[in-house]
Amino acid sequence: MQVRLFNTFGREVQDFVPIEPDAVGMYTCGPTVYDYAHIGNMRTYIFEDILRRTLEYTGYKVRHVMNITDVGHLTGDEDDGEDKMLEGARRKGMSVWEIAAMYTNAFFNDTDRLHILRPHVACRATEHIEDMIDLIRRLEEKGYVYIANGNVFFDTGKFESYGKMALLDKQELRAGARIEVDTTKKHPADFALWFTNSKFEHQTMMWDSPWGRGYPGWHLECSAMSMKYLGEHFDIHCGGVDHIPVHHTNEIAQSEAATGKKWVNYWLHGEFLLMNQGKMAKSTGNFLTLQGLVDSGYDPEDFRYLCLGAHYRSQLNFSEDSMSSARSSRRNLIERLVRLREAGPPAPLEKLNTPAREYLDEFAVAIRDDLNMPKALSVLWNMMKDENLGGGEKLCAAFAMDRVFALDLERAAVRENTLDRSLAALIEKREEARRNRDYALADSLRNELAGHGVILEDTASGTRWRRES
RNA sequence: GGCGCCGUACCCAAGAGGUAAGGGAGAGGUCUGCAAAACCUUUAUGCACCGGUUCGAAUCCGGUCGGCGCCUCCA
């Protein structure tokens, strides 16, 4: 079945045809590890994870590469000059190297909790300086660079299709609208490949190069590392929408100028998570971290569920309401699965009956239609509520879908059901009170159990208990 | 100022020419000692607004209003 994806390059939904028949090379822009990632960042990584899982579900073998930007670049708005890594280091009283290690760990801790698959290669910029220098050499040999004020720049005027993906030719760019243009550049769009004349004080991350001791420009690492691990021509490159006009535009320019050929076939970009009517951004303090959500009583899966509810190319408004409704929804789903699971095991996938298979087909159509997860989720719900399906069928199909949703449904469906002996005794005591029609006592015991986070449900087949979640 | 995207019920959100998915929340009911849970019913003749095209428009075209993003590091 055909996977269709929206390609930012061309701005249309296209049939996905990989370079190799069954294998896909996929590069995703990773974190700059100078601070904790926020849930807006995480939304993009979840989108990329869904892309990867959709491709794998379809049968492709995916090779996933992601960069870790551990070289410092500019800090936030109105920035005139502190290196992000240095700033982070100063704040924590650690070295830039320690900062990078600490926030890299924090990043993967978050992505693990969100069931985001780890990339096959997670490559650090600082470990690929030689590859970057080689790339600049190639560009230099082809005449795409010039040196000004001690820094090596890419000459965008020499690259004819510069800005094609971002439609920059249609724009009247207001260069210098918000930040002063570096007057040493020939053109405002030109960007640095290598700095020897840092505008930052106390730069500690520096390397020798043919152009002098210094450090690489930001865009360079993605070009150098993606080509190293995926080849000079590969299938998919992803990132947030903010990367379209500058970062990815510059990556395309330097990569294709160096190799003289097409670099990436499909460009996919995830939209922002908005909060308080604006984008989530570290620089303005308008952001939340995953741990912040956990501290407020949410599970990481609640956030993943929230993200599944909106298409990746739509802005998603984060609010207390939307977050708690995602939590309720996910808990309801798991409640259903738990009840089914208590009644019996999932049916084997290969013996699934036709109605259940039809739901799986419908699910597959949805995810392959440019990752329509809201639609896929509605298929799951319709399947769960279909009275013509047996419990085992439902469990089996739900777990199959969860290979893409990644809400950890299979584990969540088996509720840990050990209860402290004293609490179990209270339940027994209440049962006795009910048998004796001493409802006042029974109710007070129920309240006492509620105080311990144990909720009772009297059903026709006896009393069930569950933990307040 | 330029470019791009968006406006669907109380909230989140699919749908992109053929008569409004799904979830959350709310209301009524069945069951129950009471609850809870579950189940059933229910909540947009309507898709920001105004025109136009069409047998037919949330869907296409034009305009108006409102929101967001990018043009600067950024998911």
# chains A, B, ... in the order shown; residues from 1 in each chain; ligands from 1
call {"tool": "residues_around", "arguments": {"residues": "A:Pro18", "least_positions_apart": "6", "cutoff": "12 Å", "atoms": "only C-alpha atoms (C1' of nucleotides)", "output": "MDAnalysis selection string"}}
result
chainID A and resid 2:5 24:26 55 60:62 233:236 264:266
call {"tool": "select_by_dssp", "arguments": {"residues": "stretch 176-412 of chain A", "states": "alpha helix (DSSP H)", "output": "PyMOL selection string"}}
result
chain A and resi 220-230+249-259+290-295+300-308+320-343+354-368+373-384+391-405+409-412
call {"tool": "residues_around", "arguments": {"residues": "stretch 25-40 of chain B", "least_positions_apart": "4", "cutoff": "12 Å", "atoms": "only C-alpha atoms (C1' of nucleotides)", "output": "PDB file with N, CA, C and O atoms (P, O5', C5', C4', C3', O3' and C1' of nucleotides), in the first residue's frame"}}
result
ATOM      1  N   ASP A 321      -7.015  22.469  29.527  1.00  0.00           N
ATOM      2  CA  ASP A 321      -8.195  21.738  29.059  1.00  0.00           C
ATOM      3  C   ASP A 321      -7.835  20.648  28.056  1.00  0.00           C
ATOM      4  O   ASP A 321      -8.289  19.515  28.174  1.00  0.00           O
ATOM      5  N   SER A 322      -7.053  21.008  27.050  1.00  0.00           N
ATOM      6  CA  SER A 322      -6.746  20.029  26.013  1.00  0.00           C
ATOM      7  C   SER A 322      -5.895  18.908  26.603  1.00  0.00           C
ATOM      8  O   SER A 322      -6.042  17.739  26.248  1.00  0.00           O
ATOM      9  N   SER A 324      -5.892  17.833  29.817  1.00  0.00           N
ATOM     10  CA  SER A 324      -6.629  16.934  30.703  1.00  0.00           C
ATOM     11  C   SER A 324      -7.657  16.130  29.910  1.00  0.00           C
ATOM     12  O   SER A 324      -7.983  15.003  30.289  1.00  0.00           O
ATOM     13  N   SER A 325      -8.150  16.668  28.802  1.00  0.00           N
ATOM     14  CA  SER A 325      -9.083  15.858  28.026  1.00  0.00           C
ATOM     15  C   SER A 325      -8.343  14.716  27.332  1.00  0.00           C
ATOM     16  O   SER A 325      -8.888  13.632  27.166  1.00  0.00           O
ATOM     17  N   ALA A 326      -7.091  14.960  26.969  1.00  0.00           N
ATOM     18  CA  ALA A 326      -6.281  13.869  26.408  1.00  0.00           C
ATOM     19  C   ALA A 326      -6.075  12.784  27.468  1.00  0.00           C
ATOM     20  O   ALA A 326      -6.145  11.593  27.180  1.00  0.00           O
ATOM     21  N   SER A 328      -8.058  12.083  30.079  1.00  0.00           N
ATOM     22  CA  SER A 328      -9.315  11.351  30.283  1.00  0.00           C
ATOM     23  C   SER A 328      -9.543  10.351  29.164  1.00  0.00           C
ATOM     24  O   SER A 328      -9.933   9.211  29.400  1.00  0.00           O
ATOM     25  N   SER A 329      -9.322  10.821  27.962  1.00  0.00           N
ATOM     26  CA  SER A 329      -9.545   9.986  26.801  1.00  0.00           C
ATOM     27  C   SER A 329      -8.662   8.737  26.847  1.00  0.00           C
ATOM     28  O   SER A 329      -9.114   7.619  26.621  1.00  0.00           O
ATOM     29  N   ASN A 332      -9.785   6.330  29.566  1.00  0.00           N
ATOM     30  CA  ASN A 332     -10.983   5.601  29.156  1.00  0.00           C
ATOM     31  C   ASN A 332     -10.616   4.462  28.223  1.00  0.00           C
ATOM     32  O   ASN A 332     -11.154   3.361  28.335  1.00  0.00           O
ATOM     33  N   GLU A 335      -9.048   1.751  30.273  1.00  0.00           N
ATOM     34  CA  GLU A 335     -10.071   1.060  31.063  1.00  0.00           C
ATOM     35  C   GLU A 335     -10.753  -0.028  30.235  1.00  0.00           C
ATOM     36  O   GLU A 335     -10.972  -1.142  30.692  1.00  0.00           O
ATOM     37  N   ARG A 336     -11.086   0.337  29.000  1.00  0.00           N
ATOM     38  CA  ARG A 336     -11.731  -0.628  28.111  1.00  0.00           C
ATOM     39  C   ARG A 336     -10.803  -1.822  27.858  1.00  0.00           C
ATOM     40  O   ARG A 336     -11.243  -2.970  27.880  1.00  0.00           O
ATOM     41  N   ARG A 339     -10.564  -4.152  30.885  1.00  0.00           N
ATOM     42  CA  ARG A 339     -11.736  -5.024  31.042  1.00  0.00           C
ATOM     43  C   ARG A 339     -11.709  -6.175  30.030  1.00  0.00           C
ATOM     44  O   ARG A 339     -11.998  -7.315  30.366  1.00  0.00           O
ATOM     45  N   LYS A 385     -15.603   0.192  20.021  1.00  0.00           N
ATOM     46  CA  LYS A 385     -17.020   0.261  20.375  1.00  0.00           C
ATOM     47  C   LYS A 385     -17.905  -0.622  19.503  1.00  0.00           C
ATOM     48  O   LYS A 385     -19.109  -0.661  19.687  1.00  0.00           O
ATOM     49  N   GLU A 387     -19.816  -3.613  18.489  1.00  0.00           N
ATOM     50  CA  GLU A 387     -20.345  -4.769  19.226  1.00  0.00           C
ATOM     51  C   GLU A 387     -20.185  -6.090  18.472  1.00  0.00           C
ATOM     52  O   GLU A 387     -20.381  -7.154  19.032  1.00  0.00           O
ATOM     53  N   ALA A 433     -20.245  -6.071  55.455  1.00  0.00           N
ATOM     54  CA  ALA A 433     -21.211  -5.050  55.879  1.00  0.00           C
ATOM     55  C   ALA A 433     -22.355  -4.959  54.876  1.00  0.00           C
ATOM     56  O   ALA A 433     -23.521  -4.800  55.249  1.00  0.00           O
ATOM     57  N   ARG A 434     -21.999  -5.055  53.589  1.00  0.00           N
ATOM     58  CA  ARG A 434     -23.046  -4.960  52.569  1.00  0.00           C
ATOM     59  C   ARG A 434     -23.982  -6.167  52.656  1.00  0.00           C
ATOM     60  O   ARG A 434     -25.193  -6.034  52.512  1.00  0.00           O
ATOM     61  N   ARG A 435     -23.369  -7.328  52.905  1.00  0.00           N
ATOM     62  CA  ARG A 435     -24.208  -8.528  53.016  1.00  0.00           C
ATOM     63  C   ARG A 435     -25.176  -8.382  54.171  1.00  0.00           C
ATOM     64  O   ARG A 435     -26.317  -8.827  54.112  1.00  0.00           O
ATOM     65  N   ASN A 436     -24.685  -7.681  55.233  1.00  0.00           N
ATOM     66  CA  ASN A 436     -25.536  -7.460  56.409  1.00  0.00           C
ATOM     67  C   ASN A 436     -26.423  -6.236  56.257  1.00  0.00           C
ATOM     68  O   ASN A 436     -27.072  -5.806  57.201  1.00  0.00           O
ATOM     69  N   ARG A 437     -26.380  -5.620  55.094  1.00  0.00           N
ATOM     70  CA  ARG A 437     -27.150  -4.413  54.808  1.00  0.00           C
ATOM     71  C   ARG A 437     -26.818  -3.272  55.757  1.00  0.00           C
ATOM     72  O   ARG A 437     -27.639  -2.404  56.032  1.00  0.00           O
ATOM     73  N   ASP A 438     -25.616  -3.296  56.254  1.00  0.00           N
ATOM     74  CA  ASP A 438     -25.145  -2.176  57.084  1.00  0.00           C
ATOM     75  C   ASP A 438     -24.465  -1.182  56.144  1.00  0.00           C
ATOM     76  O   ASP A 438     -23.249  -1.109  56.055  1.00  0.00           O
ATOM     77  N   TYR A 439     -25.285  -0.415  55.428  1.00  0.00           N
ATOM     78  CA  TYR A 439     -24.759   0.437  54.371  1.00  0.00           C
ATOM     79  C   TYR A 439     -23.965   1.635  54.896  1.00  0.00           C
ATOM     80  O   TYR A 439     -23.078   2.138  54.236  1.00  0.00           O
ATOM     81  N   ALA A 440     -24.310   2.064  56.109  1.00  0.00           N
ATOM     82  CA  ALA A 440     -23.545   3.184  56.682  1.00  0.00           C
ATOM     83  C   ALA A 440     -22.097   2.762  56.864  1.00  0.00           C
ATOM     84  O   ALA A 440     -21.170   3.496  56.494  1.00  0.00           O
ATOM     85  N   ALA A 442     -20.625   0.237  55.351  1.00  0.00           N
ATOM     86  CA  ALA A 442     -20.052  -0.056  54.027  1.00  0.00           C
ATOM     87  C   ALA A 442     -19.567   1.226  53.354  1.00  0.00           C
ATOM     88  O   ALA A 442     -18.475   1.270  52.788  1.00  0.00           O
ATOM     89  N   ASP A 443     -20.373   2.280  53.438  1.00  0.00           N
ATOM     90  CA  ASP A 443     -20.006   3.532  52.789  1.00  0.00           C
ATOM     91  C   ASP A 443     -18.801   4.180  53.446  1.00  0.00           C
ATOM     92  O   ASP A 443     -17.947   4.767  52.782  1.00  0.00           O
ATOM     93  N   SER A 444     -18.720   4.063  54.766  1.00  0.00           N
ATOM     94  CA  SER A 444     -17.573   4.681  55.428  1.00  0.00           C
ATOM     95  C   SER A 444     -16.294   3.922  55.083  1.00  0.00           C
ATOM     96  O   SER A 444     -15.229   4.511  54.939  1.00  0.00           O
ATOM     97  N   ARG A 446     -15.846   2.414  52.244  1.00  0.00           N
ATOM     98  CA  ARG A 446     -15.542   2.790  50.873  1.00  0.00           C
ATOM     99  C   ARG A 446     -14.808   4.136  50.854  1.00  0.00           C
ATOM    100  O   ARG A 446     -13.847   4.318  50.113  1.00  0.00           O
ATOM    101  N   ASN A 447     -15.264   5.057  51.717  1.00  0.00           N
ATOM    102  CA  ASN A 447     -14.578   6.351  51.786  1.00  0.00           C
ATOM    103  C   ASN A 447     -13.154   6.200  52.286  1.00  0.00           C
ATOM    104  O   ASN A 447     -12.247   6.882  51.807  1.00  0.00           O
ATOM    105  N   ALA A 450     -11.085   5.034  49.538  1.00  0.00           N
ATOM    106  CA  ALA A 450     -10.868   6.119  48.581  1.00  0.00           C
ATOM    107  C   ALA A 450      -9.719   7.003  49.065  1.00  0.00           C
ATOM    108  O   ALA A 450      -8.922   7.504  48.266  1.00  0.00           O
ATOM    109  N   VAL A 454      -8.024   3.927  46.488  1.00  0.00           N
ATOM    110  CA  VAL A 454      -8.619   2.724  45.913  1.00  0.00           C
ATOM    111  C   VAL A 454     -10.105   2.976  45.662  1.00  0.00           C
ATOM    112  O   VAL A 454     -10.858   3.322  46.577  1.00  0.00           O
ATOM    113  N   ILE A 455     -10.502   2.854  44.399  1.00  0.00           N
ATOM    114  CA  ILE A 455     -11.887   3.108  43.998  1.00  0.00           C
ATOM    115  C   ILE A 455     -12.607   1.772  43.845  1.00  0.00           C
ATOM    116  O   ILE A 455     -12.088   0.850  43.219  1.00  0.00           O
ATOM    117  N   LEU A 456     -13.798   1.672  44.442  1.00  0.00           N
ATOM    118  CA  LEU A 456     -14.566   0.435  44.348  1.00  0.00           C
ATOM    119  C   LEU A 456     -15.700   0.568  43.345  1.00  0.00           C
ATOM    120  O   LEU A 456     -16.317   1.628  43.224  1.00  0.00           O
ATOM    121  N   GLU A 457     -15.938  -0.509  42.635  1.00  0.00           N
ATOM    122  CA  GLU A 457     -17.071  -0.550  41.706  1.00  0.00           C
ATOM    123  C   GLU A 457     -17.822  -1.846  41.957  1.00  0.00           C
ATOM    124  O   GLU A 457     -17.280  -2.926  41.769  1.00  0.00           O
ATOM    125  N   ASP A 458     -19.069  -1.706  42.380  1.00  0.00           N
ATOM    126  CA  ASP A 458     -19.888  -2.896  42.605  1.00  0.00           C
ATOM    127  C   ASP A 458     -20.550  -3.292  41.296  1.00  0.00           C
ATOM    128  O   ASP A 458     -21.358  -2.549  40.753  1.00  0.00           O
ATOM    129  N   THR A 459     -20.204  -4.443  40.794  1.00  0.00           N
ATOM    130  CA  THR A 459     -20.811  -4.897  39.540  1.00  0.00           C
ATOM    131  C   THR A 459     -21.637  -6.147  39.804  1.00  0.00           C
ATOM    132  O   THR A 459     -21.594  -6.707  40.900  1.00  0.00           O
ATOM    133  N   ALA A 460     -22.349  -6.556  38.798  1.00  0.00           N
ATOM    134  CA  ALA A 460     -23.196  -7.739  38.925  1.00  0.00           C
ATOM    135  C   ALA A 460     -22.366  -8.962  39.316  1.00  0.00           C
ATOM    136  O   ALA A 460     -22.823  -9.842  40.022  1.00  0.00           O
ATOM    137  N   THR A 463     -17.569  -7.119  43.444  1.00  0.00           N
ATOM    138  CA  THR A 463     -16.939  -5.809  43.584  1.00  0.00           C
ATOM    139  C   THR A 463     -15.557  -5.802  42.951  1.00  0.00           C
ATOM    140  O   THR A 463     -14.744  -6.670  43.227  1.00  0.00           O
ATOM    141  N   ARG A 464     -15.315  -4.807  42.074  1.00  0.00           N
ATOM    142  CA  ARG A 464     -13.972  -4.617  41.482  1.00  0.00           C
ATOM    143  C   ARG A 464     -13.338  -3.434  42.185  1.00  0.00           C
ATOM    144  O   ARG A 464     -14.029  -2.537  42.668  1.00  0.00           O
ATOM    145  N   TRP A 465     -12.043  -3.453  42.202  1.00  0.00           N
ATOM    146  CA  TRP A 465     -11.376  -2.255  42.706  1.00  0.00           C
ATOM    147  C   TRP A 465     -10.342  -1.816  41.673  1.00  0.00           C
ATOM    148  O   TRP A 465      -9.890  -2.601  40.853  1.00  0.00           O
ATOM    149  N   ARG A 466     -10.050  -0.527  41.685  1.00  0.00           N
ATOM    150  CA  ARG A 466      -8.982  -0.004  40.828  1.00  0.00           C
ATOM    151  C   ARG A 466      -8.343   1.170  41.538  1.00  0.00           C
ATOM    152  O   ARG A 466      -8.935   1.783  42.434  1.00  0.00           O
ATOM    153  N   GLU A 468      -7.048   4.832  41.910  1.00  0.00           N
ATOM    154  CA  GLU A 468      -7.358   6.148  41.375  1.00  0.00           C
ATOM    155  C   GLU A 468      -6.138   6.582  40.558  1.00  0.00           C
ATOM    156  O   GLU A 468      -5.020   6.536  41.055  1.00  0.00           O
TER     157      GLU A 468
ATOM    158  P     A B   9     -16.999  25.300  16.207  1.00  0.00           P
ATOM    159  O5'   A B   9     -18.255  24.651  16.961  1.00  0.00           O
ATOM    160  C5'   A B   9     -19.421  25.418  17.251  1.00  0.00           C
ATOM    161  C4'   A B   9     -20.373  24.538  18.039  1.00  0.00           C
ATOM    162  C3'   A B   9     -19.992  24.394  19.514  1.00  0.00           C
ATOM    163  O3'   A B   9     -21.117  24.716  20.320  1.00  0.00           O
ATOM    164  C1'   A B   9     -20.333  22.278  18.486  1.00  0.00           C
ATOM    165  P     C B  10     -21.303  26.054  21.075  1.00  0.00           P
ATOM    166  O5'   C B  10     -20.335  25.797  22.321  1.00  0.00           O
ATOM    167  C5'   C B  10     -20.165  26.825  23.312  1.00  0.00           C
ATOM    168  C4'   C B  10     -19.197  26.329  24.347  1.00  0.00           C
ATOM    169  C3'   C B  10     -17.920  25.741  23.757  1.00  0.00           C
ATOM    170  O3'   C B  10     -16.963  26.757  23.494  1.00  0.00           O
ATOM    171  C1'   C B  10     -18.805  24.227  25.347  1.00  0.00           C
ATOM    172  P     C B  11     -15.887  26.529  22.322  1.00  0.00           P
ATOM    173  O5'   C B  11     -14.903  25.489  23.007  1.00  0.00           O
ATOM    174  C5'   C B  11     -14.033  25.884  24.079  1.00  0.00           C
ATOM    175  C4'   C B  11     -13.118  24.733  24.430  1.00  0.00           C
ATOM    176  C3'   C B  11     -12.368  24.134  23.245  1.00  0.00           C
ATOM    177  O3'   C B  11     -11.219  24.891  22.901  1.00  0.00           O
ATOM    178  C1'   C B  11     -13.313  22.390  24.495  1.00  0.00           C
ATOM    179  P     C B  12     -10.712  24.821  21.379  1.00  0.00           P
ATOM    180  O5'   C B  12     -10.082  23.359  21.276  1.00  0.00           O
ATOM    181  C5'   C B  12      -8.902  23.031  22.009  1.00  0.00           C
ATOM    182  C4'   C B  12      -8.531  21.599  21.738  1.00  0.00           C
ATOM    183  C3'   C B  12      -8.390  21.211  20.272  1.00  0.00           C
ATOM    184  O3'   C B  12      -7.168  21.642  19.710  1.00  0.00           O
ATOM    185  C1'   C B  12      -9.613  19.550  21.373  1.00  0.00           C
TER     186        C B  12
END
call {"tool": "residues_around", "arguments": {"residues": "stretch 60-69 of chain B", "least_positions_apart": "5", "cutoff": "9 Å", "atoms": "only C-alpha atoms (C1' of nucleotides)", "output": "ChimeraX atom specification"}}
result
/A:241-242,271-272,274,277-279,315 /B:4-7,17,48-53
call {"tool": "interface_residues", "arguments": {"of": "chain B", "to": "chain A", "cutoff": "6 Å", "atoms": "only C-alpha atoms (C1' of nucleotides)", "output": "ChimeraX atom specification"}}
result
/B:2-3,12,14,22,24,36,71,73,75
call {"tool": "atom_distance", "arguments": {"atom1": "atom CA of A:Tyr359", "atom2": "atom CA of A:Leu117"}}
result
25.3 Å
call {"tool": "closest_residue", "arguments": {"among": "A:Asp131, A:Gly143, A:Phe9, A:Leu268", "to": "A:Lys164", "atoms": "only C-alpha atoms"}}
result
A:Phe9
call {"tool": "residues_around", "arguments": {"residues": "stretch 159-161 of chain A", "least_positions_apart": "3", "cutoff": "9 Å", "atoms": "only C-alpha atoms (C1' of nucleotides)", "output": "VMD selection string"}}
result
chain A and resid 144 155 to 156 164 to 165 253 to 254 256 to 257
call {"tool": "write_last_selection", "arguments": {"atoms": "all heavy atoms", "output": "mmCIF file, in the first residue's frame"}}
result
data_model
loop_
_atom_site.group_PDB
_atom_site.id
_atom_site.type_symbol
_atom_site.label_atom_id
_atom_site.label_comp_id
_atom_site.auth_asym_id
_atom_site.auth_seq_id
_atom_site.Cartn_x
_atom_site.Cartn_y
_atom_site.Cartn_z
ATOM 1 N N TYR A 144 32.560 28.164 -3.872
ATOM 2 C CA TYR A 144 31.326 28.643 -3.246
ATOM 3 C C TYR A 144 31.567 29.441 -1.962
ATOM 4 O O TYR A 144 30.612 29.801 -1.291
ATOM 5 C CB TYR A 144 30.413 27.459 -2.904
ATOM 6 C CG TYR A 144 29.670 26.881 -4.090
ATOM 7 C CD1 TYR A 144 30.072 25.686 -4.676
ATOM 8 C CD2 TYR A 144 28.558 27.530 -4.618
ATOM 9 C CE1 TYR A 144 29.394 25.148 -5.752
ATOM 10 C CE2 TYR A 144 27.864 27.004 -5.700
ATOM 11 C CZ TYR A 144 28.283 25.818 -6.263
ATOM 12 O OH TYR A 144 27.598 25.290 -7.327
ATOM 13 N N ASP A 155 28.694 31.545 -0.246
ATOM 14 C CA ASP A 155 28.251 32.609 -1.148
ATOM 15 C C ASP A 155 26.944 32.185 -1.814
ATOM 16 O O ASP A 155 26.937 31.490 -2.821
ATOM 17 C CB ASP A 155 29.344 32.845 -2.199
ATOM 18 C CG ASP A 155 29.069 34.090 -3.025
ATOM 19 O OD1 ASP A 155 27.922 34.578 -3.020
ATOM 20 O OD2 ASP A 155 30.015 34.570 -3.674
ATOM 21 N N THR A 156 25.831 32.630 -1.234
ATOM 22 C CA THR A 156 24.532 32.164 -1.746
ATOM 23 C C THR A 156 24.278 32.637 -3.180
ATOM 24 O O THR A 156 23.520 32.008 -3.911
ATOM 25 C CB THR A 156 23.368 32.659 -0.858
ATOM 26 O OG1 THR A 156 23.456 34.079 -0.739
ATOM 27 C CG2 THR A 156 23.453 32.033 0.513
ATOM 28 N N LYS A 164 14.855 27.726 -2.866
ATOM 29 C CA LYS A 164 13.734 27.218 -3.670
ATOM 30 C C LYS A 164 12.677 26.534 -2.796
ATOM 31 O O LYS A 164 11.487 26.781 -2.954
ATOM 32 C CB LYS A 164 14.267 26.228 -4.713
ATOM 33 C CG LYS A 164 13.227 25.821 -5.744
ATOM 34 C CD LYS A 164 13.834 24.940 -6.825
ATOM 35 C CE LYS A 164 12.752 24.351 -7.722
ATOM 36 N NZ LYS A 164 13.256 23.222 -8.529
ATOM 37 N N MET A 165 13.122 25.694 -1.866
ATOM 38 C CA MET A 165 12.149 24.997 -1.027
ATOM 39 C C MET A 165 11.333 25.990 -0.195
ATOM 40 O O MET A 165 10.125 25.835 -0.030
ATOM 41 C CB MET A 165 12.839 24.008 -0.086
ATOM 42 C CG MET A 165 11.853 23.339 0.876
ATOM 43 S SD MET A 165 12.586 22.100 1.930
ATOM 44 C CE MET A 165 13.488 23.127 3.080
ATOM 45 N N ALA A 253 21.646 24.244 0.238
ATOM 46 C CA ALA A 253 22.608 24.994 -0.575
ATOM 47 C C ALA A 253 24.010 24.408 -0.442
ATOM 48 O O ALA A 253 24.659 24.067 -1.437
ATOM 49 C CB ALA A 253 22.593 26.464 -0.166
ATOM 50 N N GLN A 254 24.464 24.232 0.763
ATOM 51 C CA GLN A 254 25.854 23.770 0.945
ATOM 52 C C GLN A 254 26.025 22.306 0.550
ATOM 53 O O GLN A 254 27.068 21.916 0.028
ATOM 54 C CB GLN A 254 26.323 24.028 2.381
ATOM 55 C CG GLN A 254 25.675 23.169 3.430
ATOM 56 C CD GLN A 254 25.779 23.701 4.848
ATOM 57 O OE1 GLN A 254 25.245 23.137 5.776
ATOM 58 N NE2 GLN A 254 26.475 24.825 5.012
ATOM 59 N N GLU A 256 24.151 20.494 -1.742
ATOM 60 C CA GLU A 256 24.040 20.282 -3.182
ATOM 61 C C GLU A 256 25.148 21.003 -3.942
ATOM 62 O O GLU A 256 25.585 20.539 -5.000
ATOM 63 C CB GLU A 256 22.641 20.692 -3.661
ATOM 64 C CG GLU A 256 21.562 19.854 -2.972
ATOM 65 C CD GLU A 256 20.182 19.921 -3.613
ATOM 66 O OE1 GLU A 256 19.967 20.764 -4.499
ATOM 67 O OE2 GLU A 256 19.320 19.102 -3.209
ATOM 68 N N ALA A 257 25.633 22.109 -3.373
ATOM 69 C CA ALA A 257 26.762 22.795 -4.009
ATOM 70 C C ALA A 257 27.996 21.902 -3.931
ATOM 71 O O ALA A 257 28.780 21.804 -4.881
ATOM 72 C CB ALA A 257 27.022 24.134 -3.321
#
call {"tool": "residues_around", "arguments": {"residues": "A:Arg415", "least_positions_apart": "3", "cutoff": "10 Å", "atoms": "only C-alpha atoms (C1' of nucleotides)", "output": "count of residues only"}}
result
12
call {"tool": "residues_around", "arguments": {"residues": "A:Thr126", "least_positions_apart": "2", "cutoff": "10 Å", "atoms": "only C-alpha atoms (C1' of nucleotides)", "output": "PyMOL selection string"}}
result
chain A and resi 68-71+97+123-124+128-130+132+205-207+215-216+221
call {"tool": "decode", "arguments": {"residues": "stretch 32-61 of chain B", "atoms": "C-alpha atoms (C1' of nucleotides)", "output": "mmCIF file, in the first residue's frame"}}
result
data_model
loop_
_atom_site.group_PDB
_atom_site.id
_atom_site.type_symbol
_atom_site.label_atom_id
_atom_site.label_comp_id
_atom_site.auth_asym_id
_atom_site.auth_seq_id
_atom_site.Cartn_x
_atom_site.Cartn_y
_atom_site.Cartn_z
ATOM 1 C "C1'" U B 32 -27.551 -0.025 41.541
ATOM 2 C "C1'" G B 33 -29.005 0.039 48.797
ATOM 3 C "C1'" C B 34 -26.401 4.555 47.419
ATOM 4 C "C1'" A B 35 -22.341 5.614 44.542
ATOM 5 C "C1'" A B 36 -18.974 4.442 40.800
ATOM 6 C "C1'" A B 37 -18.355 2.001 36.361
ATOM 7 C "C1'" A B 38 -20.737 0.276 32.136
ATOM 8 C "C1'" C B 39 -24.457 0.728 28.487
ATOM 9 C "C1'" C B 40 -28.307 3.602 25.708
ATOM 10 C "C1'" U B 41 -30.034 8.408 24.085
ATOM 11 C "C1'" U B 42 -28.725 13.355 23.389
ATOM 12 C "C1'" U B 43 -25.558 18.158 22.067
ATOM 13 C "C1'" A B 44 -23.481 22.103 14.422
ATOM 14 C "C1'" U B 45 -29.917 22.137 8.495
ATOM 15 C "C1'" G B 46 -24.309 23.928 10.485
ATOM 16 C "C1'" C B 47 -18.286 24.667 9.119
ATOM 17 C "C1'" A B 48 -15.548 33.306 10.916
ATOM 18 C "C1'" C B 49 -18.349 36.839 7.669
ATOM 19 C "C1'" C B 50 -20.011 38.670 2.623
ATOM 20 C "C1'" G B 51 -20.402 37.696 -2.440
ATOM 21 C "C1'" G B 52 -19.501 34.278 -6.728
ATOM 22 C "C1'" U B 53 -18.969 29.401 -9.600
ATOM 23 C "C1'" U B 54 -21.918 24.707 -9.498
ATOM 24 C "C1'" C B 55 -27.544 20.447 -10.021
ATOM 25 C "C1'" G B 56 -24.812 20.447 -5.398
ATOM 26 C "C1'" A B 57 -19.711 24.244 -1.467
ATOM 27 C "C1'" A B 58 -16.690 23.494 5.290
ATOM 28 C "C1'" U B 59 -14.572 21.965 0.764
ATOM 29 C "C1'" C B 60 -13.349 25.840 -5.439
ATOM 30 C "C1'" C B 61 -12.829 31.517 -6.633
#
